[in-house]
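Dropping query-v8.cif in here (mmCIF, C-alpha atoms):
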```cif
data_my_file
loop_
_atom_site.group_PDB
_atom_site.id
_atom_site.type_symbol
_atom_site.label_atom_id
_atom_site.label_comp_id
_atom_site.auth_asym_id
_atom_site.auth_seq_id
_atom_site.Cartn_x
_atom_site.Cartn_y
_atom_site.Cartn_z
ATOM 1 C CA MET A 22 20.043 -0.533 -4.189
ATOM 2 C CA GLY A 23 20.911 2.368 -6.489
ATOM 3 C CA ARG A 24 24.083 0.636 -7.682
ATOM 4 C CA LEU A 25 22.254 -2.591 -8.444
ATOM 5 C CA VAL A 26 19.566 -0.749 -10.399
ATOM 6 C CA GLY A 27 22.252 1.191 -12.283
ATOM 7 C CA LYS A 28 24.134 -1.980 -13.239
ATOM 8 C CA VAL A 29 20.980 -3.765 -14.361
ATOM 9 C CA THR A 30 19.965 -0.739 -16.443
ATOM 10 C CA ILE A 31 23.401 -0.564 -18.122
ATOM 11 C CA TYR A 32 23.197 -4.291 -18.863
ATOM 12 C CA LEU A 33 19.745 -3.876 -20.430
ATOM 13 C CA ILE A 34 20.930 -0.964 -22.578
ATOM 14 C CA LYS A 35 24.171 -2.663 -23.706
ATOM 15 C CA ASN A 36 22.270 -5.800 -24.702
ATOM 16 C CA ASN A 37 19.627 -3.807 -26.575
ATOM 17 C CA TYR A 38 16.755 -4.781 -24.297
ATOM 18 C CA ILE A 39 15.923 -1.100 -23.820
ATOM 19 C CA ASP A 40 16.918 2.085 -25.644
ATOM 20 C CA GLU A 41 19.233 4.642 -24.068
ATOM 21 C CA ASP A 42 16.433 7.213 -24.084
ATOM 22 C CA LYS A 43 14.400 4.919 -21.769
ATOM 23 C CA ARG A 44 17.159 4.820 -19.117
ATOM 24 C CA GLU A 45 15.360 7.084 -16.632
ATOM 25 C CA GLU A 46 12.088 5.171 -16.922
ATOM 26 C CA CYS A 47 13.922 1.862 -16.512
ATOM 27 C CA VAL A 48 15.754 3.063 -13.396
ATOM 28 C CA TYR A 49 12.503 4.322 -11.867
ATOM 29 C CA GLY A 50 10.638 1.107 -12.674
ATOM 30 C CA LEU A 51 13.393 -1.147 -11.332
ATOM 31 C CA GLU A 52 13.635 0.914 -8.136
ATOM 32 C CA ILE A 53 9.889 0.532 -7.603
ATOM 33 C CA ILE A 54 9.946 -3.223 -8.232
ATOM 34 C CA LEU A 55 12.986 -3.884 -6.049
ATOM 35 C CA GLY A 56 11.685 -1.565 -3.327
ATOM 36 C CA LYS A 57 8.360 -3.400 -3.211
ATOM 37 C CA MET A 58 10.081 -6.778 -3.140
ATOM 38 C CA LEU A 59 12.294 -5.643 -0.257
ATOM 39 C CA ASN A 60 9.279 -4.271 1.640
ATOM 40 C CA TYR A 61 7.244 -7.455 1.148
ATOM 41 C CA LEU A 62 10.084 -9.796 2.062
ATOM 42 C CA THR A 63 10.935 -7.786 5.173
ATOM 43 C CA LEU A 64 7.328 -7.840 6.374
ATOM 44 C CA LEU A 65 7.135 -11.580 5.749
ATOM 45 C CA LEU A 66 10.395 -12.107 7.652
ATOM 46 C CA PHE A 67 9.093 -10.093 10.619
ATOM 47 C CA SER A 68 5.816 -12.021 10.504
ATOM 48 C CA VAL A 69 7.672 -15.332 10.700
ATOM 49 C CA ILE A 70 9.726 -14.025 13.629
ATOM 50 C CA ASN A 71 6.550 -12.726 15.342
ATOM 51 C CA LYS A 72 4.654 -15.931 14.511
ATOM 52 C CA ASN A 73 1.814 -14.041 12.818
ATOM 53 C CA LEU A 74 2.313 -14.936 9.150
ATOM 54 C CA PRO A 75 -1.390 -15.518 8.252
ATOM 55 C CA GLU A 76 -2.412 -12.282 9.971
ATOM 56 C CA THR A 77 0.353 -10.316 8.252
ATOM 57 C CA LEU A 78 -0.587 -11.791 4.885
ATOM 58 C CA ILE A 79 -4.173 -10.636 5.367
ATOM 59 C CA PHE A 80 -2.997 -7.149 6.329
ATOM 60 C CA MET A 81 -0.655 -7.013 3.321
ATOM 61 C CA ILE A 82 -3.290 -8.240 0.865
ATOM 62 C CA VAL A 83 -5.871 -5.703 2.050
ATOM 63 C CA PHE A 84 -3.480 -2.774 2.468
ATOM 64 C CA PHE A 85 -1.406 -3.188 -0.698
ATOM 65 C CA SER A 86 -4.366 -4.079 -2.938
ATOM 66 C CA LEU A 87 -6.190 -0.939 -1.803
ATOM 67 C CA ARG A 88 -3.075 1.211 -2.021
ATOM 68 C CA LYS A 89 -2.656 0.201 -5.661
ATOM 69 C CA GLY A 90 -5.820 2.130 -6.524
ATOM 70 C CA THR A 91 -6.015 4.754 -3.802
ATOM 71 C CA GLY A 92 -2.485 6.110 -3.749
ATOM 72 C CA GLY A 93 -1.920 8.093 -0.589
ATOM 73 C CA PHE A 94 1.129 9.517 1.076
ATOM 74 C CA HIS A 95 4.469 8.434 -0.418
ATOM 75 C CA ALA A 96 7.926 8.982 1.013
ATOM 76 C CA LYS A 97 10.299 10.949 -1.206
ATOM 77 C CA ARG A 98 13.144 8.440 -0.885
ATOM 78 C CA MET A 99 13.199 4.688 -1.132
ATOM 79 C CA LYS A 100 14.900 4.206 2.241
ATOM 80 C CA ASN A 101 12.257 6.408 3.899
ATOM 81 C CA CYS A 102 9.536 4.314 2.273
ATOM 82 C CA TYR A 103 11.210 1.174 3.581
ATOM 83 C CA MET A 104 11.458 2.546 7.101
ATOM 84 C CA ALA A 105 7.848 3.790 6.981
ATOM 85 C CA THR A 106 6.653 0.355 5.849
ATOM 86 C CA ILE A 107 8.416 -1.284 8.784
ATOM 87 C CA GLY A 108 7.012 1.384 11.107
ATOM 88 C CA ILE A 109 3.493 0.741 9.801
ATOM 89 C CA TYR A 110 3.911 -2.984 10.376
ATOM 90 C CA PHE A 111 5.014 -2.544 13.974
ATOM 91 C CA ALA A 112 2.280 0.043 14.607
ATOM 92 C CA VAL A 113 -0.296 -2.441 13.315
ATOM 93 C CA VAL A 114 1.067 -5.393 15.300
ATOM 94 C CA GLY A 115 1.985 -3.535 18.490
ATOM 95 C CA VAL A 116 -0.684 -0.833 18.774
ATOM 96 C CA ILE A 117 -3.567 -0.927 16.297
ATOM 97 C CA VAL A 118 -4.512 -4.611 16.502
ATOM 98 C CA PRO A 119 -4.265 -4.773 20.324
ATOM 99 C CA VAL A 120 -6.474 -1.652 20.616
ATOM 100 C CA LEU A 121 -9.076 -2.916 18.125
ATOM 101 C CA GLU A 122 -8.956 -6.569 19.127
ATOM 102 C CA ASN A 123 -11.807 -6.779 21.642
ATOM 103 C CA ILE A 124 -13.952 -3.719 20.874
ATOM 104 C CA LEU A 125 -16.570 -4.504 18.234
ATOM 105 C CA PHE A 126 -17.884 -0.927 18.114
ATOM 106 C CA LEU A 127 -14.370 0.402 17.435
ATOM 107 C CA LYS A 128 -13.754 -2.199 14.709
ATOM 108 C CA SER A 129 -17.023 -1.265 13.013
ATOM 109 C CA THR A 130 -16.363 2.464 13.324
ATOM 110 C CA VAL A 131 -12.822 2.241 11.931
ATOM 111 C CA THR A 132 -14.019 0.111 9.012
ATOM 112 C CA LEU A 133 -16.911 2.403 8.152
ATOM 113 C CA CYS A 134 -14.824 5.595 8.464
ATOM 114 C CA ALA A 135 -12.031 4.078 6.351
ATOM 115 C CA ILE A 136 -14.423 3.028 3.582
ATOM 116 C CA ILE A 137 -16.045 6.476 3.543
ATOM 117 C CA THR A 138 -12.587 8.105 3.430
ATOM 118 C CA ILE A 139 -11.518 5.914 0.514
ATOM 119 C CA PHE A 140 -14.811 6.582 -1.249
ATOM 120 C CA LEU A 141 -14.439 10.362 -0.891
ATOM 121 C CA LEU A 142 -10.679 10.935 -1.255
ATOM 122 C CA ALA A 143 -9.265 8.214 -3.482
ATOM 123 C CA PRO A 144 -7.258 8.315 -5.578
ATOM 124 C CA VAL A 145 -4.480 10.672 -4.597
ATOM 125 C CA ASN A 146 -2.577 11.448 -7.782
ATOM 126 C CA HIS A 147 1.016 11.349 -6.535
ATOM 127 C CA PRO A 148 3.503 13.503 -8.511
ATOM 128 C CA ASN A 149 5.450 10.406 -9.611
ATOM 129 C CA LEU A 150 2.321 8.786 -11.031
ATOM 130 C CA LYS A 151 0.926 11.754 -12.964
ATOM 131 C CA LEU A 152 -2.314 9.946 -13.728
ATOM 132 C CA ASP A 153 -4.470 11.357 -16.494
ATOM 133 C CA LEU A 154 -8.226 11.852 -16.022
ATOM 134 C CA LYS A 155 -9.061 8.418 -17.465
ATOM 135 C CA GLU A 156 -6.590 6.695 -15.107
ATOM 136 C CA ILE A 157 -7.921 8.692 -12.141
ATOM 137 C CA LYS A 158 -11.447 7.524 -12.952
ATOM 138 C CA MET A 159 -10.275 3.904 -13.254
ATOM 139 C CA CYS A 160 -8.434 4.104 -9.918
ATOM 140 C CA ARG A 161 -11.443 5.741 -8.251
ATOM 141 C CA ASN A 162 -13.781 3.001 -9.464
ATOM 142 C CA TYR A 163 -11.303 0.240 -8.563
ATOM 143 C CA SER A 164 -10.699 1.584 -5.051
ATOM 144 C CA ARG A 165 -14.398 2.161 -4.358
ATOM 145 C CA ILE A 166 -15.444 -1.295 -5.506
ATOM 146 C CA LEU A 167 -12.597 -2.952 -3.613
ATOM 147 C CA ALA A 168 -13.195 -0.940 -0.415
ATOM 148 C CA VAL A 169 -16.905 -1.751 -0.419
ATOM 149 C CA GLY A 170 -16.181 -5.422 -1.128
ATOM 150 C CA ILE A 171 -13.640 -5.611 1.696
ATOM 151 C CA GLY A 172 -16.110 -3.786 3.947
ATOM 152 C CA VAL A 173 -18.845 -6.316 3.189
ATOM 153 C CA VAL A 174 -16.474 -9.192 4.009
ATOM 154 C CA ILE A 175 -15.319 -7.500 7.224
ATOM 155 C CA PHE A 176 -18.853 -6.763 8.455
ATOM 156 C CA THR A 177 -20.030 -10.266 7.525
ATOM 157 C CA PHE A 178 -17.161 -11.824 9.462
ATOM 158 C CA LEU A 179 -17.720 -9.455 12.401
ATOM 159 C CA ILE A 180 -21.414 -10.324 12.609
ATOM 160 C CA LEU A 181 -20.739 -14.059 12.319
ATOM 161 C CA LYS A 182 -17.720 -13.800 14.663
ATOM 162 C CA ILE A 183 -15.523 -15.692 12.204
ATOM 163 C CA ILE A 184 -11.750 -15.583 12.811
ATOM 164 C CA PRO A 185 -11.771 -12.245 14.694
ATOM 165 C CA VAL A 186 -7.985 -11.793 14.744
ATOM 166 C CA TYR A 187 -7.752 -12.057 10.959
ATOM 167 C CA ILE A 188 -10.556 -9.548 10.519
ATOM 168 C CA THR A 189 -8.804 -7.173 12.908
ATOM 169 C CA TYR A 190 -5.735 -7.259 10.639
ATOM 170 C CA ALA A 191 -7.964 -6.626 7.597
ATOM 171 C CA ILE A 192 -9.496 -3.644 9.407
ATOM 172 C CA ALA A 193 -5.991 -2.363 10.169
ATOM 173 C CA GLY A 194 -5.190 -2.611 6.449
ATOM 174 C CA VAL A 195 -8.249 -0.604 5.413
ATOM 175 C CA GLY A 196 -7.683 1.914 8.199
ATOM 176 C CA MET A 197 -4.003 2.383 7.392
ATOM 177 C CA ASP A 198 -4.793 2.944 3.716
ATOM 178 C CA ALA A 199 -7.387 5.585 4.615
ATOM 179 C CA GLY A 200 -4.937 7.190 7.035
ATOM 180 C CA LEU A 201 -2.302 7.564 4.312
ATOM 181 C CA LEU A 202 -4.908 9.137 2.021
ATOM 182 C CA ILE A 203 -5.690 11.720 4.682
ATOM 183 C CA ILE A 204 -1.999 12.459 5.280
ATOM 184 C CA ALA A 205 -1.408 12.913 1.534
ATOM 185 C CA LYS A 206 -4.296 15.380 1.365
ATOM 186 C CA ILE A 207 -3.077 17.309 4.432
ATOM 187 C CA VAL A 208 0.478 17.698 3.088
ATOM 188 C CA ARG A 209 -0.901 18.363 -0.419
ATOM 189 C CA GLN A 210 1.113 15.587 -2.000
ATOM 190 C CA GLU A 211 -0.968 15.504 -5.146
ATOM 191 C CA VAL A 212 -1.053 16.759 -8.716
ATOM 192 C CA ASN A 213 -4.049 17.392 -10.965
ATOM 193 C CA GLY A 214 -4.887 14.922 -13.712
ATOM 194 C CA LYS A 215 -4.656 16.004 -17.336
#
```

Show me the file's structure as structure tokens.
Amino acid sequence: MGRLVGKVTIYLIKNNYIDEDKREECVYGLEIILGKMLNYLTLLLFSVINKNLPETLIFMIVFFSLRKGTGGFHAKRMKNCYMATIGIYFAVVGVIVPVLENILFLKSTVTLCAIITIFLLAPVNHPNLKLDLKEIKMCRNYSRILAVGIGVVIFTFLILKIIPVYITYAIAGVGMDAGLLIIAKIVRQEVNGK
């Protein structure tokens, strides 16, 4: 992927779409975009193979929308991020969902603990982001509002017993996001805002 990003960046510079002094920012941005696209497409491919596309989409929507505001642990290299994303998917499908599937108390506990974790710890200001104090406040508000909103939907669906398998995947998304926040705090993968 590095070669592709390099070639695209050179093309953009040669054709005056970006200035030479923006090369590093362009490379970083393109790597992020292409990495996310690869992660999303891989998860969708696995979901088609596993015949759980709607469930995977719900997990992805919950997890990635929360992660946008909460931050959390990040791998240092793109390939490690890719492998971790695949690992998370298979952990959710093969372990987390089967464990949560039929235990209402466990679903409720995981959801409540995850929302509290997000409320207390988010956002984690990853060194690559270097959020300033205003951005940290925006991310904190975004993640809190979203986590509470998702929690309300989850608890409503749990009480009404609506589409339990989908809700279990949503719970896995909230729980996984909270788990990555905790890991980031433990390994001190955070910088202070300015």

Exercise for review: Extract, using all atoms listed in the file, all DNA, RNA and protein residues at most 8 Å from region 59-76 of chain A, discarding same-chain residues fewer than 2 positions from it, and format them as a PyMOL selection string.
Suggested key: chain A and resi 55-57+78-80+103+106-107+110+186-187+190

Point to revise | Residues matched by the PyMOL selection byres ((chain A and resi 123) around 12) as a PyMOL selection string | key: chain A and resi 117-122+124-129+179+182+185-186+188-189

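For the pair CA of Cys47 (chain A) and CA of Met99 (chain A), the interatomic distance is 15.7 Å.
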
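Atom to atom, CA of Leu167 (chain A) and CA of Leu150 (chain A) stand 20.4 Å apart.
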
Point to revise | Result set of the PyMOL selection byres ((chain A and resi 141) around 12) on the coordinates above, as a list in words | key: Thr91, Cys134, Ala135, Ile136, Ile137, Thr138, Ile139, Phe140, Leu142, Ala143, Pro144, Val145, Arg161, Asn162, Ser164, Arg165, Ala168, Ala199, Leu202, Ile203 and Lys206 of chain A

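Matched in the shown structure by the PyMOL selection byres ((chain A and resi 48) around 12): A:Met22, A:Gly23, A:Arg24, A:Leu25, A:Val26, A:Gly27, A:Lys28, A:Val29, A:Thr30, A:Ile31, A:Tyr32, A:Leu33, A:Ile34, A:Ile39, A:Glu41, A:Asp42, A:Lys43, A:Arg44, A:Glu45, A:Glu46, A:Cys47, A:Tyr49, A:Gly50, A:Leu51, A:Glu52, A:Ile53, A:Ile54, A:Leu55, A:Gly56.
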
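Excluding Thr132 (chain A) itself and same-chain residues fewer than 5 positions from it, the residues having an atom within 7 Å of it are Gly172, Ile192, Val195 and Gly196 of chain A, counting only C-alpha atoms.
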
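A straight line drawn from CA of Leu133 (chain A) to CA of Tyr163 (chain A) is 17.8 Å long.
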